[in-house]
Amino acid sequence: MRKELTVPLTALVGGAAGFFLRRWELSSAFEADTGLHIPGSSATMALIALSAVVALILALACRGIHRDFPGGYDQAFAAPGNAPYMMGMTAAAFLFLLAGGASLLELAGTYRTAGSYFTLLPQTLLTALCIASGACLFLLGKNNYRAEGRGRYSACLLLPAYTACLWLIVSYQEHSGDPVVLDYVYQLFAVIASVLGAYFMAGFAFERAKAFRSVFFSQLAVYFSLVTLADRHDPAFLLLYSGFLFYFLASGVALLHNVAAQPAAGGKRLKKSDRSDKEETPDEG
C-alpha cells in the first residue's frame, strides 16, 4: 500500500486507539478525591506503550522520503483538481476561524478573572492569529488546488506556525500550576508536534525543504490530537486541535503523493536529450 495512505492511516488508527486508552486512563488511573495519579496504572502503561509504538512506526514508514523539490512548496504540496484535499483544507480553515471566534467570546470572562489587560495579551494574540490562519489555510488550499504557484516566500505558511507557537505558550501558562503532569502531557505533546509540523512545512516555501520531518511531525500531531480529544478542553482549544488535524492530514497526503512522484535524491533521471545524445553517438574507429 502507498505511503500516502499507510502513514495517515497509522496516525488515525493509532490516535483512535489512543483516544479510548486515554478515556480509560482518565476514569481509572487518577484518585477520585485528590486527582493524583495512581502509580503503575495499566491504562497509563498501555497508552505510553501505544504512543511509543506509533511514533516508531511513523518514523520507520517515513524513512526514505527525502526528495528534492526544485519548485519548492508549490511542487511539494501541489494537488491540482484534488477535491478531497481542498475539502480537508477548507474544513481546517473554518475550524481555525471558529476557534478564533470561540476564543474571542472567552476573553470577556477571562478578563473578569484576571482583572488586567496585560494578562490577556497572549490569548488576544492567539485569537487574532487563529482568525488570520483560517484565512491563510483557505488561500493555501486554493493555491495548491488550482496550481496558482503563489507558495514561494508565502506569509500564509508562517501564520499557522506562529499560531501553534503562541498556542504552546498559552497552553503551558494554563497548566503550569498543575503538579500532575499526566493531566495535560498529551495536550502539550499535540501542540509541540503541531509547532514542529507547521514549521517544517513552512520551510518548503523558504528553500528549507525537509520532507521526512514535515511528514513525521505533522502525522505525530494528528495522533496526539486525537488522543487528547479525550481530555476536557475549552471550545477554542478543541477547535484548534481539530483544525490542525485536518490541515496536517490534507497536507501530509499531498506531500507523500508528490514525494512518490519524485526521483530519489541523488538518483536524478537523465533528460530525454541526454539519452538521445548517448544513443546516437557513433562508435569511434
# chains A, B, ... in the order shown; residues from 1 in each chain; ligands from 1
>>> residues_around(residues="region 71-82 of chain A", least_positions_apart="2", cutoff="10 Å", atoms="only C-alpha atoms", output="PyMOL selection string")
chain A and resi 67-69+84-87+140-154+157+201-209+211+250-259+261-262
>>> closest_residue(among="A:Ala260, A:Val185, A:Leu98, A:Ala59", to="Ser214 (chain A)", atoms="only C-alpha atoms")
A:Ala59
>>> closest_residue(among="A:Gly35, A:Phe19, A:Leu105, A:Ala52", to="Pro235 (chain A)", atoms="only C-alpha atoms")
A:Leu105
>>> atom_distance(atom1="CA of Leu58 (chain A)", atom2="CA of Phe217 (chain A)")
9.1 Å
>>> atom_distance(atom1="CA of Leu159 (chain A)", atom2="CA of Ala61 (chain A)")
28.6 Å
>>> closest_residue(among="A:Leu196, A:Leu26, A:Cys136, A:Val53", to="Gly14 (chain A)", atoms="only C-alpha atoms")
A:Val53
>>> select_by_dssp(residues="region 58-262 of chain A", states="alpha helix (DSSP H)", output="PyMOL selection string")
chain A and resi 58-61+73-76+83-114+121-146+158-175+185-202+211-228+235-260
>>> residues_around(residues="Tyr223 (chain A)", least_positions_apart="4", cutoff="12 Å", atoms="only C-alpha atoms", output="ChimeraX atom specification")
/A:7-19,47,50-55,57-58,186-187,189-191,193-194,216-219,227-229,241-242,244-246,248-249
>>> write_last_selection(atoms="C-alpha atoms", output="compact mmCIF listing (two decimals), in the first residue's frame")
# COMPACT_ATOMS: atom_id res chain seq x y z
CA VAL A 7 1.19 6.89 7.08
CA PRO A 8 -2.01 8.93 7.69
CA LEU A 9 -3.93 5.73 8.46
CA THR A 10 -1.34 4.80 11.05
CA ALA A 11 -1.80 8.19 12.73
CA LEU A 12 -5.61 7.96 12.55
CA VAL A 13 -5.97 4.36 13.73
CA GLY A 14 -3.34 4.82 16.42
CA GLY A 15 -4.99 8.06 17.53
CA ALA A 16 -8.41 6.42 17.73
CA ALA A 17 -6.97 3.63 19.90
CA GLY A 18 -5.14 6.23 21.99
CA PHE A 19 -8.38 8.18 22.47
CA LEU A 47 -1.09 4.46 26.45
CA LEU A 50 0.99 2.73 22.23
CA SER A 51 2.45 6.23 21.82
CA ALA A 52 5.97 4.85 21.58
CA VAL A 53 4.90 2.21 19.04
CA VAL A 54 3.02 4.72 16.87
CA ALA A 55 5.97 7.13 16.90
CA ILE A 57 6.05 3.07 13.12
CA LEU A 58 5.69 6.61 11.75
CA TYR A 186 -0.72 14.63 25.85
CA GLN A 187 -2.11 18.09 25.20
CA PHE A 189 2.70 16.70 23.03
CA ALA A 190 -0.02 17.52 20.48
CA VAL A 191 0.81 21.24 20.49
CA ALA A 193 4.18 18.28 17.38
CA SER A 194 1.91 20.86 15.71
CA PHE A 216 6.70 12.70 10.72
CA PHE A 217 5.82 15.61 13.00
CA SER A 218 2.59 16.50 11.22
CA GLN A 219 1.28 12.94 11.47
CA VAL A 227 -5.54 11.20 21.93
CA THR A 228 -6.06 14.49 23.75
CA LEU A 229 -9.59 14.92 22.42
CA TYR A 241 -6.81 20.53 17.73
CA SER A 242 -9.38 19.61 15.09
CA PHE A 244 -4.57 21.28 12.84
CA LEU A 245 -5.66 17.65 12.43
CA PHE A 246 -7.39 18.40 9.11
CA PHE A 248 -1.89 18.06 8.63
CA LEU A 249 -3.89 15.19 7.14
